[in-house]
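Printed here is protein_35.cif (mmCIF, C-alpha atoms):
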```
data_input
#
loop_
_atom_site.label_atom_id
_atom_site.label_comp_id
_atom_site.auth_asym_id
_atom_site.auth_seq_id
_atom_site.Cartn_x
_atom_site.Cartn_y
_atom_site.Cartn_z
CA MET Q 92 -46.58 -27.09 1.69
CA ARG Q 93 -45.15 -28.45 4.94
CA ALA Q 94 -42.08 -26.23 4.57
CA LEU Q 95 -44.29 -23.15 4.10
CA LEU Q 96 -46.30 -23.98 7.21
CA ASN Q 97 -43.15 -24.69 9.26
CA LYS Q 98 -41.68 -21.37 8.22
CA GLU Q 99 -44.83 -19.52 9.34
CA MET Q 100 -45.09 -21.42 12.62
CA ARG Q 101 -41.43 -21.11 13.60
CA LEU Q 102 -40.40 -17.71 12.21
CA ALA Q 103 -43.37 -15.46 11.49
CA ALA Q 104 -45.91 -16.44 14.13
CA SER Q 105 -46.47 -14.51 17.33
CA ILE Q 106 -46.64 -16.53 20.54
CA LEU Q 107 -50.02 -14.88 21.09
CA SER Q 108 -51.48 -16.84 18.17
CA TYR Q 109 -50.85 -20.01 20.16
CA LEU Q 110 -51.79 -18.60 23.58
CA PHE Q 111 -55.06 -17.19 22.27
CA LEU Q 112 -56.17 -20.70 21.32
CA GLY Q 113 -57.05 -20.89 25.00
CA PHE Q 114 -60.05 -18.69 24.23
CA ALA Q 115 -61.65 -21.75 22.64
CA LEU Q 116 -62.36 -22.75 26.25
CA MET Q 117 -64.95 -19.98 26.31
CA ALA Q 118 -67.31 -22.58 24.85
CA LEU Q 119 -67.71 -23.82 28.43
CA ILE Q 120 -68.76 -20.46 29.91
CA PRO Q 121 -72.50 -20.34 30.71
CA GLY Q 122 -74.44 -17.13 30.16
CA TYR Q 123 -71.79 -15.68 27.84
CA PRO Q 124 -71.72 -15.02 24.06
CA ILE Q 125 -69.44 -17.96 23.38
CA LEU Q 126 -68.85 -17.01 19.73
CA CYS Q 127 -66.58 -14.26 21.06
CA GLY Q 128 -64.00 -17.01 21.49
CA VAL Q 129 -63.67 -17.05 17.70
CA PHE Q 130 -62.90 -13.34 17.66
CA PHE Q 131 -60.14 -13.71 20.24
CA ILE Q 132 -58.54 -16.57 18.29
CA THR Q 133 -58.49 -14.38 15.18
CA LEU Q 134 -57.11 -11.54 17.30
CA GLY Q 135 -54.17 -13.82 18.05
CA LEU Q 136 -53.72 -14.35 14.32
CA PHE Q 137 -53.77 -10.59 13.83
CA GLN Q 138 -50.82 -10.37 16.22
CA SER Q 139 -48.87 -12.73 13.96
CA PHE Q 140 -49.48 -10.48 10.97
CA GLN Q 141 -48.33 -7.51 13.02
CA ASN Q 142 -45.24 -9.42 14.15
CA ALA Q 143 -44.51 -10.47 10.56
CA ARG Q 144 -44.81 -6.92 9.28
CA GLU Q 145 -42.43 -5.52 11.87
CA ALA Q 146 -39.92 -8.27 11.03
CA ASN Q 147 -40.29 -7.52 7.29
CA ASP Q 148 -41.35 -11.12 6.81
CA ILE Q 149 -43.18 -10.55 3.52
CA VAL Q 150 -40.10 -9.21 1.77
CA TYR Q 151 -38.00 -12.03 3.25
CA SER Q 152 -40.52 -14.61 2.03
CA ALA Q 153 -40.67 -13.05 -1.42
CA LEU Q 154 -36.88 -13.36 -1.71
CA LEU Q 155 -37.06 -17.11 -1.15
CA PRO Q 156 -36.99 -19.36 -4.24
CA ILE Q 157 -40.78 -19.72 -4.23
CA ALA Q 158 -43.62 -18.20 -6.24
CA LYS Q 159 -45.42 -15.12 -4.91
CA ARG Q 160 -48.60 -17.17 -4.51
CA ASP Q 161 -46.69 -19.47 -2.16
CA VAL Q 162 -46.09 -16.51 0.18
CA VAL Q 163 -49.86 -16.07 0.32
CA LYS Q 164 -50.37 -19.81 0.67
CA GLY Q 165 -48.08 -19.92 3.70
CA LYS Q 166 -50.12 -17.27 5.51
CA PHE Q 167 -53.38 -19.01 4.71
CA LEU Q 168 -52.03 -22.39 5.81
CA PHE Q 169 -50.98 -20.95 9.15
CA CYS Q 170 -54.33 -19.21 9.65
CA MET Q 171 -56.18 -22.41 8.81
CA PHE Q 172 -53.98 -24.40 11.20
CA ILE Q 173 -54.80 -22.07 14.10
CA GLU Q 174 -58.47 -21.77 13.17
CA LEU Q 175 -59.05 -25.50 12.81
CA THR Q 176 -57.13 -26.23 15.99
CA GLY Q 177 -59.37 -23.79 17.85
CA PHE Q 178 -62.42 -25.30 16.15
CA PHE Q 179 -61.39 -28.80 17.22
CA VAL Q 180 -61.15 -27.69 20.85
CA MET Q 181 -64.55 -26.00 20.56
CA ALA Q 182 -66.04 -29.14 19.02
CA VAL Q 183 -64.74 -31.33 21.86
CA LEU Q 184 -66.12 -28.93 24.48
CA THR Q 185 -69.42 -28.69 22.64
CA LEU Q 186 -69.73 -32.47 22.67
CA LEU Q 187 -68.93 -32.38 26.39
CA ARG Q 188 -71.74 -29.89 27.00
CA MET Q 189 -74.14 -31.97 24.89
CA THR Q 190 -73.41 -35.19 26.83
CA VAL Q 191 -71.67 -35.20 30.21
CA LEU Q 192 -72.81 -31.69 31.17
CA SER Q 193 -76.27 -31.93 29.58
CA GLY Q 194 -78.01 -32.06 32.95
CA ASN Q 195 -76.24 -29.03 34.37
CA ALA Q 196 -78.74 -26.30 35.30
CA VAL Q 197 -76.41 -23.42 34.39
CA TYR Q 198 -76.42 -24.62 30.79
CA ARG Q 199 -80.11 -25.54 30.57
CA GLU Q 200 -81.15 -22.12 31.86
CA ASN Q 201 -78.77 -20.27 29.55
CA ALA Q 202 -80.52 -17.40 27.73
CA LEU Q 203 -77.68 -17.01 25.25
CA MET Q 204 -76.43 -19.32 22.51
CA ASN Q 205 -75.96 -22.93 23.54
CA ALA Q 206 -72.93 -24.93 22.50
CA ASN Q 207 -74.37 -27.07 19.72
CA PRO Q 208 -73.66 -27.80 16.02
CA PHE Q 209 -75.22 -24.46 15.03
CA PHE Q 210 -72.66 -22.73 17.23
CA LEU Q 211 -69.87 -24.70 15.55
CA GLY Q 212 -71.20 -23.83 12.09
CA ALA Q 213 -71.35 -20.16 13.03
CA ALA Q 214 -67.76 -20.37 14.32
CA LEU Q 215 -66.59 -21.73 10.96
CA LEU Q 216 -68.45 -18.93 9.18
CA LEU Q 217 -66.63 -16.33 11.29
CA PHE Q 218 -63.26 -17.95 10.62
CA GLY Q 219 -64.05 -17.90 6.91
CA MET Q 220 -64.98 -14.23 7.07
CA PHE Q 221 -61.62 -13.51 8.73
CA ASN Q 222 -59.80 -15.19 5.85
CA LEU Q 223 -61.79 -13.31 3.23
CA ILE Q 224 -61.93 -9.86 4.84
CA PHE Q 225 -58.71 -9.58 6.83
CA VAL Q 226 -56.17 -11.91 5.24
CA ALA Q 227 -57.17 -11.06 1.67
CA GLY Q 228 -57.44 -7.41 2.71
CA PHE Q 229 -53.92 -7.45 4.13
CA PHE Q 230 -52.51 -8.56 0.79
CA ARG Q 231 -53.95 -5.49 -0.91
CA THR Q 232 -50.75 -3.78 0.26
CA ALA Q 233 -48.94 -6.60 2.14
CA TYR Q 234 -48.19 -3.97 4.78
CA LYS Q 235 -51.29 -2.16 6.05
CA PHE Q 236 -53.63 -4.24 8.18
CA ALA Q 237 -55.62 -1.82 10.36
CA ARG Q 238 -58.45 -1.13 7.90
CA PRO Q 239 -59.13 -4.79 6.96
CA PHE Q 240 -59.06 -5.80 10.62
CA VAL Q 241 -61.51 -3.06 11.62
CA SER Q 242 -63.76 -4.18 8.75
CA TYR Q 243 -63.55 -7.75 10.02
CA ILE Q 244 -64.36 -6.64 13.60
CA VAL Q 245 -67.53 -4.91 12.40
CA VAL Q 246 -68.68 -7.92 10.35
CA CYS Q 247 -67.69 -10.36 13.11
CA PHE Q 248 -69.71 -8.71 15.85
CA VAL Q 249 -72.70 -8.08 13.60
CA LEU Q 250 -72.75 -11.82 12.82
CA ILE Q 251 -72.28 -12.70 16.49
CA GLY Q 252 -75.21 -10.46 17.38
CA LEU Q 253 -77.38 -12.05 14.70
CA ALA Q 254 -76.43 -15.56 15.77
CA GLU Q 255 -77.28 -14.73 19.38
CA ALA Q 256 -80.61 -13.12 18.41
CA LEU Q 257 -81.93 -15.63 15.87
CA HIS Q 258 -83.14 -18.23 18.37
CA HIS Q 259 -85.31 -15.58 20.03
CA VAL Q 260 -87.28 -15.15 16.77
CA PRO Q 261 -90.55 -17.14 16.88
CA GLY Q 262 -90.14 -20.35 14.90
CA LEU Q 263 -86.35 -20.41 15.10
CA GLU Q 264 -86.05 -21.76 18.63
CA ALA Q 265 -84.56 -25.00 17.24
CA LEU Q 266 -81.36 -23.10 16.40
CA ASN Q 267 -80.60 -23.07 20.12
CA ALA Q 268 -81.42 -26.72 20.68
CA PHE Q 269 -79.94 -28.28 23.78
CA GLY Q 270 -78.15 -31.62 23.66
CA PHE Q 271 -79.13 -33.73 20.66
CA GLU Q 272 -82.53 -32.15 20.07
CA HIS Q 273 -83.22 -31.32 16.40
CA ALA Q 274 -80.06 -33.20 15.44
CA ALA Q 275 -80.79 -33.26 11.69
CA LEU Q 276 -81.27 -29.48 11.53
CA GLN Q 277 -78.26 -28.83 13.72
CA LEU Q 278 -75.96 -31.05 11.66
CA SER Q 279 -77.15 -29.46 8.43
CA LEU Q 280 -76.29 -26.04 9.86
CA LEU Q 281 -72.84 -27.32 10.80
CA ALA Q 282 -72.38 -28.65 7.27
CA GLY Q 283 -73.45 -25.28 5.90
CA GLY Q 284 -70.90 -23.53 8.11
CA ALA Q 285 -68.18 -25.91 6.94
CA ALA Q 286 -69.08 -25.27 3.29
CA ALA Q 287 -69.04 -21.51 3.92
CA TYR Q 288 -65.60 -21.78 5.54
CA VAL Q 289 -64.16 -23.64 2.57
CA LEU Q 290 -65.73 -21.26 0.05
CA LEU Q 291 -64.77 -18.05 1.86
CA THR Q 292 -61.22 -19.26 2.47
CA TRP Q 293 -60.82 -20.26 -1.17
CA LEU Q 294 -62.18 -16.91 -2.36
CA GLY Q 295 -59.92 -15.10 0.10
CA TYR Q 296 -56.89 -17.03 -1.14
CA ARG Q 297 -57.64 -16.33 -4.79
CA LEU Q 298 -58.24 -12.65 -4.09
CA ALA Q 299 -55.08 -12.37 -1.98
CA CYS Q 300 -52.98 -14.00 -4.72
CA ALA Q 301 -54.37 -11.62 -7.35
CA ARG Q 302 -53.70 -8.60 -5.15
CA PHE Q 303 -50.23 -9.66 -4.04
CA ASP Q 304 -49.21 -10.39 -7.62
CA LYS Q 305 -49.77 -6.71 -8.47
CA ILE Q 306 -47.55 -5.41 -5.69
CA ASP Q 307 -44.01 -4.37 -6.57
CA LEU Q 308 -42.01 -5.20 -3.45
#
```

Could you quickly redo this structure as structure tokens?
Amino acid sequence: MRALLNKEMRLAASILSYLFLGFALMALIPGYPILCGVFFITLGLFQSFQNAREANDIVYSALLPIAKRDVVKGKFLFCMFIELTGFFVMAVLTLLRMTVLSGNAVYRENALMNANPFFLGAALLLFGMFNLIFVAGFFRTAYKFARPFVSYIVVCFVLIGLAEALHHVPGLEALNAFGFEHAALQLSLLAGGAAAYVLLTWLGYRLACARFDKIDL
């Protein structure tokens, strides 16, 4: 498993996948749809798939003395590494906004989504959708990636729009709780997002393996 991840990180990855982790810092921007940071991190991952395709990485990987499912596993491991690294940065910044910066007026008067556990749960959901829609979609052909990425973009921004709108619905104001208000609800939403990430990633992996196994390289 470590060898697969090292191969992806050192040979197949685009430098943009690492640079775009900086978009996790968008969690600190007041008055901005901060979930867009997730999209930009996945956009960096998209660049790695593009780089790998141009370098014929899939064929190279398939020629290694490993099973075809291990080629898929390597891609998923790399995506999860980038996603969870970005999530960790977002989590640290969210905690910063909930504590040290909790008295800052620009955050308290923010009409858009606050950085809280609901935000983190929604970020995990979006990462999971990327793994299911784009990564599994890529392995339908192991070459074409435009259609699955466009599909992911549509789903991603629909979910971002819903997440931004929900707290404006009467009775759902607690979704945008500031600081540690409604902590039990917020943590349950984070747990739900984590469960969704695991489930969607697992489903994406299984689907990608089944699709890739049918391809005659």

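Using all atoms listed in the file, the nearest neighbour of Phe210 of chain Q within the list Q:Tyr234, Q:Phe172, Q:Phe269, Q:Tyr243 is Q:Phe269.
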
Min atom-atom distance to Tyr288 of chain Q from the set Q:Leu276, Q:Ile251, Q:Leu187, Q:Met171, counting all atoms listed in the file, belongs to Q:Met171

I would like the residues chosen by the PyMOL selection byres ((chain Q and resi 162) around 10) on the shown file; could you give them as a PyMOL selection string?
chain Q and resi 95+99+148-155+157-161+163-167+300+303

Could you check how far atom CA of Met220 of chain Q sits from atom CA of Asn205 of chain Q, in Å to one decimal?
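It comes out at 21.6 Å.
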
Each side padded by 5 Å, which centre and which edge lengths in Å (one decimal) define the axis-aligned box around the listed atoms of segment 134-141 of chain Q? Give them as JSON.
```
{"center_x": -52.7, "center_y": -10.9, "center_z": 14.5, "size_x": 18.8, "size_y": 16.8, "size_z": 17.1}
```

If you apply the PyMOL selection byres ((chain Q and resi 253) around 12) to this file, what residues do you get, as a PyMOL selection string?
chain Q and resi 124+126+203-204+210+213+246-252+254-260+266

Nearest to Asn147 of chain Q among Q:Leu223, Q:Leu102, Q:Ile306, Q:Ala285, with distances taken over only C-alpha atoms: which residue is it?
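Ranking Q:Leu223, Q:Leu102, Q:Ile306, Q:Ala285 by distance to Asn147 of chain Q, first place goes to Q:Leu102.
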
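When the PyMOL selection byres ((chain Q and resi 107) around 8) is evaluated against the file, it yields Q:Ser105, Q:Ile106, Q:Ser108, Q:Tyr109, Q:Leu110, Q:Phe111, Q:Gly135, Q:Leu136, Q:Gln138, Q:Ser139.
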
What does the distance between atom CA of Val129 of chain Q and atom CA of Thr190 of chain Q come to in Å, to one decimal place?
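One can read the atom CA of Val129 of chain Q to atom CA of Thr190 of chain Q distance as 22.5 Å.
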
Taken to one decimal, the atom CA of Leu278 of chain Q-atom CA of Leu168 of chain Q distance is 26.1 Å

Which is closer to Ala275 of chain Q than all the others in Q:Pro208, Q:Phe218, Q:Val226, Q:Lys305, using all atoms listed in the file?
Q:Pro208

Which of these, Q:Phe271, Q:Phe130, Q:Phe140, Q:Phe178, has the shortest distance to Gly284 of chain Q once you count only C-alpha atoms?
Q:Phe178

Which residue out of Q:Leu217, Q:Glu200, Q:Met189, Q:Phe225 has the minimum interatomic distance to Ala274 of chain Q when all atoms listed in the file are used?
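Selected residue with least distance to Ala274 of chain Q: Q:Met189.
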
Please check which residues have atoms at most 8 Å from (-71.6, -28.9, 17.8) in the file's coordinates, counting only C-alpha atoms, and write them as a ChimeraX atom specification.
/Q:182,185-186,206-212,277-278,281
